[in-house]
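input.txt follows; it contains compact mmCIF, C-alpha atoms.
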```txt
# COMPACT_ATOMS: atom_id res chain seq x y z
CA MET E 1 162.73 -119.51 -11.89
CA CYS E 2 165.31 -116.86 -12.71
CA GLY E 3 166.62 -117.07 -16.24
CA ARG E 4 168.04 -113.57 -16.51
CA PHE E 5 168.76 -110.66 -14.18
CA ASN E 6 170.36 -107.23 -14.17
CA LEU E 7 172.86 -105.39 -12.01
CA SER E 8 172.88 -101.73 -12.94
CA TYR E 9 175.79 -100.96 -10.60
CA SER E 10 179.50 -101.55 -10.98
CA THR E 11 181.19 -103.65 -8.30
CA SER E 12 182.72 -100.50 -6.81
CA ASP E 13 179.21 -99.03 -6.44
CA VAL E 14 177.94 -102.25 -4.86
CA SER E 15 180.83 -102.22 -2.39
CA VAL E 16 179.64 -98.84 -1.07
CA LYS E 17 176.20 -100.32 -0.39
CA LEU E 18 177.72 -103.49 1.14
CA PRO E 19 180.64 -102.04 3.14
CA ASN E 20 181.20 -105.21 5.17
CA VAL E 21 182.11 -107.22 2.06
CA LEU E 22 185.72 -107.43 0.83
CA TRP E 23 186.05 -106.95 -2.92
CA ASP E 24 189.25 -107.38 -4.95
CA PHE E 25 187.85 -106.88 -8.46
CA ASP E 26 185.57 -104.55 -10.37
CA GLN E 27 182.86 -105.41 -12.89
CA ALA E 28 180.92 -102.98 -15.04
CA PRO E 29 177.09 -102.85 -14.88
CA ASN E 30 175.38 -105.66 -16.77
CA PHE E 31 171.78 -105.19 -17.85
CA ASN E 32 171.07 -108.64 -19.29
CA ILE E 33 172.88 -111.35 -17.31
CA ALA E 34 172.38 -114.93 -18.49
CA PRO E 35 173.36 -118.38 -17.17
CA SER E 36 176.99 -119.42 -17.81
CA GLN E 37 178.20 -115.81 -17.48
CA GLN E 38 180.69 -114.67 -14.84
CA ILE E 39 178.88 -112.77 -12.08
CA SER E 40 179.60 -111.02 -8.77
CA VAL E 41 178.75 -113.20 -5.75
CA VAL E 42 179.07 -112.64 -1.99
CA SER E 43 179.96 -115.59 0.24
CA GLU E 44 181.09 -116.07 3.83
CA LEU E 45 184.09 -117.98 5.10
CA LYS E 46 184.80 -118.03 8.85
CA GLY E 47 182.78 -114.87 9.42
CA VAL E 48 184.41 -112.88 6.62
CA PHE E 49 182.24 -111.85 3.66
CA THR E 50 184.04 -111.73 0.34
CA GLY E 51 182.98 -110.74 -3.16
CA SER E 52 184.06 -113.23 -5.83
CA ILE E 53 183.64 -113.90 -9.51
CA MET E 54 181.65 -117.09 -10.12
CA GLN E 55 180.07 -118.78 -13.11
CA TRP E 56 176.29 -118.72 -12.97
CA GLY E 57 175.28 -122.38 -13.08
CA ILE E 58 176.52 -125.49 -11.29
CA PRO E 59 177.53 -128.35 -13.64
CA ILE E 60 175.34 -131.45 -13.27
CA THR E 61 174.97 -134.70 -15.18
CA THR E 62 171.47 -135.22 -16.61
CA SER E 63 169.61 -138.53 -16.70
CA ASP E 64 170.77 -139.09 -20.27
CA GLY E 65 174.41 -138.61 -19.30
CA LYS E 66 174.83 -135.10 -20.67
CA THR E 67 176.37 -132.16 -18.79
CA ALA E 68 174.19 -129.12 -18.06
CA LEU E 69 174.38 -126.01 -15.90
CA MET E 70 171.92 -125.85 -13.00
CA SER E 71 171.27 -122.10 -12.89
CA ASN E 72 168.32 -122.42 -10.45
CA THR E 73 167.72 -124.72 -7.48
CA ARG E 74 164.36 -125.12 -5.74
CA ILE E 75 164.76 -124.23 -2.07
CA GLU E 76 162.00 -126.71 -1.21
CA ARG E 77 164.17 -129.61 -2.43
CA ILE E 78 166.81 -128.68 0.15
CA LEU E 79 164.40 -128.02 3.01
CA HIS E 80 162.13 -131.01 2.43
CA LYS E 81 165.13 -133.35 2.44
CA ASN E 82 166.17 -131.60 5.67
CA LYS E 83 169.85 -131.97 4.91
CA TRP E 84 172.69 -129.81 3.69
CA ASN E 85 175.78 -130.95 1.79
CA LYS E 86 178.43 -129.24 3.92
CA SER E 87 181.26 -130.86 1.98
CA MET E 88 180.20 -129.35 -1.36
CA ASP E 89 177.93 -126.31 -1.01
CA ASN E 90 177.90 -122.94 0.73
CA ILE E 91 175.17 -120.33 0.91
CA CYS E 92 175.93 -117.26 -1.19
CA PHE E 93 174.28 -113.99 -2.20
CA ILE E 94 174.00 -112.54 -5.69
CA PRO E 95 173.55 -108.73 -5.86
CA ALA E 96 170.90 -107.62 -8.36
CA SER E 97 168.90 -104.54 -9.25
CA GLY E 98 166.18 -106.64 -10.89
CA PHE E 99 165.43 -109.97 -12.50
CA TYR E 100 163.50 -110.79 -15.65
CA GLU E 101 160.53 -113.10 -15.95
CA TRP E 102 158.38 -113.84 -18.96
CA ASP E 103 154.59 -114.18 -18.97
CA LYS E 104 154.19 -117.96 -19.27
CA PHE E 105 150.44 -117.57 -19.84
CA SER E 106 150.84 -115.39 -22.94
CA THR E 107 151.26 -116.64 -26.50
CA GLU E 108 153.92 -113.95 -26.91
CA LYS E 109 157.28 -113.82 -25.14
CA ILE E 110 156.60 -110.75 -22.98
CA PRO E 111 159.40 -109.84 -20.51
CA TYR E 112 159.02 -108.06 -17.18
CA ASN E 113 161.70 -106.55 -14.96
CA VAL E 114 160.99 -107.49 -11.33
CA GLN E 115 162.36 -105.17 -8.66
CA LEU E 116 162.19 -104.65 -4.92
CA ARG E 117 160.13 -101.58 -4.08
CA ASP E 118 162.00 -98.75 -2.32
CA SER E 119 165.39 -100.35 -3.00
CA GLU E 120 167.46 -100.19 -6.16
CA LEU E 121 169.56 -103.15 -5.07
CA PHE E 122 168.81 -106.46 -3.33
CA LEU E 123 170.35 -109.89 -2.85
CA MET E 124 169.27 -113.21 -4.34
CA VAL E 125 170.06 -116.21 -2.13
CA GLY E 126 172.02 -118.97 -3.81
CA ILE E 127 174.33 -121.92 -3.30
CA CYS E 128 177.92 -121.99 -4.50
CA ARG E 129 180.29 -124.84 -5.15
CA GLN E 130 183.95 -125.21 -6.01
CA THR E 131 184.22 -127.44 -9.10
CA SER E 132 187.37 -128.81 -10.69
CA SER E 133 187.80 -125.72 -12.86
CA SER E 134 185.91 -122.82 -11.28
CA LEU E 135 183.60 -121.43 -8.62
CA ASN E 136 179.98 -121.93 -9.62
CA CYS E 137 176.67 -120.81 -8.18
CA SER E 138 172.95 -121.47 -8.52
CA ILE E 139 170.08 -119.16 -7.53
CA LEU E 140 167.53 -120.54 -5.05
CA THR E 141 163.88 -120.19 -6.06
CA CYS E 142 160.53 -120.47 -4.27
CA SER E 143 156.85 -120.20 -5.18
CA ALA E 144 155.95 -116.81 -6.61
CA ARG E 145 153.35 -114.56 -5.00
CA HIS E 146 151.15 -111.81 -6.46
CA PRO E 147 151.94 -109.89 -8.61
CA LEU E 148 154.71 -112.09 -10.04
CA GLY E 149 152.59 -115.19 -9.48
CA ASP E 150 150.09 -113.77 -11.97
CA ILE E 151 152.54 -114.39 -14.80
CA HIS E 152 154.99 -116.98 -13.45
CA ASP E 153 154.98 -119.62 -10.72
CA ARG E 154 158.59 -119.34 -9.49
CA CYS E 155 160.65 -116.54 -7.98
CA PRO E 156 164.21 -116.11 -6.67
CA VAL E 157 164.56 -116.05 -2.88
CA VAL E 158 165.41 -112.39 -2.27
CA LEU E 159 166.68 -110.46 0.74
CA PRO E 160 167.11 -106.73 1.41
CA LEU E 161 170.60 -105.27 1.78
CA ASN E 162 170.17 -104.86 5.54
CA ALA E 163 169.41 -108.55 6.15
CA ASP E 164 171.64 -110.46 8.56
CA LEU E 165 173.70 -112.64 6.20
CA ASN E 166 175.71 -114.39 8.89
CA VAL E 167 174.65 -118.00 8.44
CA SER E 168 176.58 -119.14 11.52
CA ASN E 169 174.23 -117.09 13.73
CA SER E 170 171.51 -119.73 13.27
CA SER E 171 171.38 -122.73 15.60
CA THR E 172 171.51 -125.35 12.85
CA ARG E 173 173.26 -122.98 10.45
CA GLU E 174 172.35 -123.46 6.81
CA LEU E 175 168.90 -125.05 7.13
CA ASP E 176 167.76 -122.53 9.75
CA PHE E 177 169.03 -119.69 7.60
CA LEU E 178 167.21 -120.96 4.49
CA ASN E 179 163.98 -121.50 6.43
CA ALA E 180 164.20 -117.97 7.85
CA SER E 181 164.88 -116.55 4.38
CA LEU E 182 161.86 -118.36 2.97
CA GLU E 183 159.65 -117.05 5.79
CA LEU E 184 160.73 -113.49 4.91
CA GLN E 185 159.50 -113.71 1.32
CA PRO E 186 155.93 -112.43 1.94
CA GLN E 187 157.53 -109.21 3.25
CA MET E 188 159.51 -108.64 0.04
CA ASP E 189 157.55 -105.94 -1.78
CA LEU E 190 158.10 -106.76 -5.44
CA PHE E 191 156.74 -104.91 -8.42
CA LEU E 192 156.84 -105.61 -12.16
CA THR E 193 157.55 -103.41 -15.14
CA GLN E 194 156.91 -104.62 -18.67
CA VAL E 195 160.07 -104.00 -20.69
CA SER E 196 161.14 -104.22 -24.31
CA THR E 197 161.13 -107.60 -26.03
CA ARG E 198 164.71 -106.78 -27.05
CA VAL E 199 165.60 -108.21 -23.63
CA ASN E 200 164.70 -111.62 -25.08
CA SER E 201 168.08 -111.61 -26.84
CA VAL E 202 171.01 -111.92 -24.44
CA ARG E 203 173.09 -110.00 -26.98
CA PHE E 204 171.06 -106.87 -26.19
CA ASN E 205 172.77 -105.38 -23.16
CA SER E 206 172.24 -101.71 -22.40
CA PHE E 207 170.38 -99.47 -19.97
CA GLU E 208 167.42 -99.66 -22.38
CA CYS E 209 166.75 -103.16 -21.00
CA LEU E 210 165.29 -101.50 -17.90
CA MET E 211 163.05 -99.03 -19.70
CA GLU E 212 159.30 -99.50 -19.44
CA ASP E 213 157.78 -100.74 -22.66
CA ARG E 214 154.34 -99.23 -22.03
CA THR E 215 152.60 -97.14 -19.40
CA GLN E 216 150.84 -100.01 -17.62
CA GLN E 217 152.76 -101.29 -14.60
CA ILE E 218 151.68 -104.21 -12.47
CA LYS E 219 151.92 -103.28 -8.80
CA LEU E 220 151.50 -105.10 -5.53
CA PHE E 221 148.48 -103.86 -3.58
```
Please express what this file holds, its structure, as structure tokens.
Amino acid sequence: MCGRFNLSYSTSDVSVKLPNVLWDFDQAPNFNIAPSQQISVVSELKGVFTGSIMQWGIPITTSDGKTALMSNTRIERILHKNKWNKSMDNICFIPASGFYEWDKFSTEKIPYNVQLRDSELFLMVGICRQTSSSLNCSILTCSARHPLGDIHDRCPVVLPLNADLNVSNSSTRELDFLNASLELQPQMDLFLTQVSTRVNSVRFNSFECLMEDRTQQIKLF
């Protein structure tokens, strides 16, 4: 899953790295982004890529009738059903410099910052939906591989900045694009850095969130 992430660039900095995206706003760097917050999201409409502000989490009704925000969506649930809700959802991309995961096998709540090697910025694949009051998005997740799989079983679907984001280039559009994105995941060279437990509080939001907590760093061999 992805319960928190960071974007250590302002929107104006991101626009330089994604020159084909139209942006009409600017957000400051955010080092501890949590569900329900307003985030920068890239989406495509008729071949034009636009940067928008969206709320992280799509409102859903739970089995007990309560309303909750679906911040993550399993990509397998979409692909195994082999259908796409064209009337409600669009594929989108969430810029990030890293995402946080916690060691689920430890008795302590130990956070790690997960990054893409050789790139300070990448894209997380998501779905976005226009609700009655706002634009909302959810991050797609898949099974985690080593080294992340050593501490957690889920991982965002990530793409490099130079990936072809044009969904309409695929023969069956959305499903083909998602399948291709999933097939690319073994090539995504992730590495983990243990960071301060201060990240556990969403109220802690500074560059210190990214600082290594100790010298040991888990790397992908």
message: Given all atoms listed in the file as the basis, pick out the residue of E:Leu22, E:Leu45, E:Val199, E:Ile151 nearest to Ile91 (chain E).
response: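 Ranking E:Leu22, E:Leu45, E:Val199, E:Ile151 by distance to Ile91 (chain E), first place goes to E:Leu45.
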Distance query Leu178 (chain E) at most 9 Å, all atoms listed in the file, self and fewer than 5 positions along chain excluded, as an mmCIF file with C-alpha atoms, keeping the file's coordinate frame:
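Final file, out.cif:
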```cif
data_model
loop_
_atom_site.group_PDB
_atom_site.id
_atom_site.type_symbol
_atom_site.label_atom_id
_atom_site.label_comp_id
_atom_site.auth_asym_id
_atom_site.auth_seq_id
_atom_site.Cartn_x
_atom_site.Cartn_y
_atom_site.Cartn_z
ATOM 1 C CA ILE E 75 164.760 -124.230 -2.070
ATOM 2 C CA ILE E 78 166.810 -128.680 0.150
ATOM 3 C CA LEU E 79 164.400 -128.020 3.010
ATOM 4 C CA ILE E 91 175.170 -120.330 0.910
ATOM 5 C CA VAL E 125 170.060 -116.210 -2.130
ATOM 6 C CA VAL E 167 174.650 -118.000 8.440
ATOM 7 C CA ARG E 173 173.260 -122.980 10.450
ATOM 8 C CA GLU E 183 159.650 -117.050 5.790
#
```
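Using only C-alpha atoms, the shortest contact distance between Met54 (chain E) and any of E:Phe93, E:Phe122, E:Phe207, E:Tyr9 is found at E:Phe93.
Minimum distance to Arg74 (chain E) across E:Val157, E:Val114, E:Met124, E:Cys137 (counting all atoms listed in the file) occurs at E:Val157.
Each of E:Gly3, E:Pro19, E:Gly57, E:Pro111 was compared to Ala34 (chain E) using only C-alpha atoms, and E:Gly3 turns out to be the nearest.
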task: For Ser119 (chain E), please output as a ChimeraX atom specification all residues within 12 Å (counting all atoms listed in the file; exclusion window: fewer than 5 positions along the same chain).
output: /E:17,96-98,114,159-162,188-191
field: Given all atoms listed in the file as the counted atoms, nearest of E:Gln187, E:Asn85, E:Tyr112, E:Val195 to Glu208 (chain E)
entry: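 Closest candidate: E:Val195.
CA of Ser36 (chain E) lies 21.4 Å from CA of Thr197 (chain E).
Distance annotation: of E:Leu7, E:Leu123, E:Cys155, E:Val16, the residue with the minimal separation from Val42 (chain E) is E:Leu123; atom set is only C-alpha atoms.
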- prompt: Please, what distance in Å, to one decimal, runs between CA of Phe5 (chain E) and CA of Arg145 (chain E)?
  reply: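 Calculated distance between CA of Phe5 (chain E) and CA of Arg145 (chain E) is 18.4 Å.
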message: Please report the interatomic distance between CA of Leu135 (chain E) and CA of Trp84 (chain E) in Å with one decimal.
response: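 Computed distance, CA of Leu135 (chain E) to CA of Trp84 (chain E), equals 18.5 Å.
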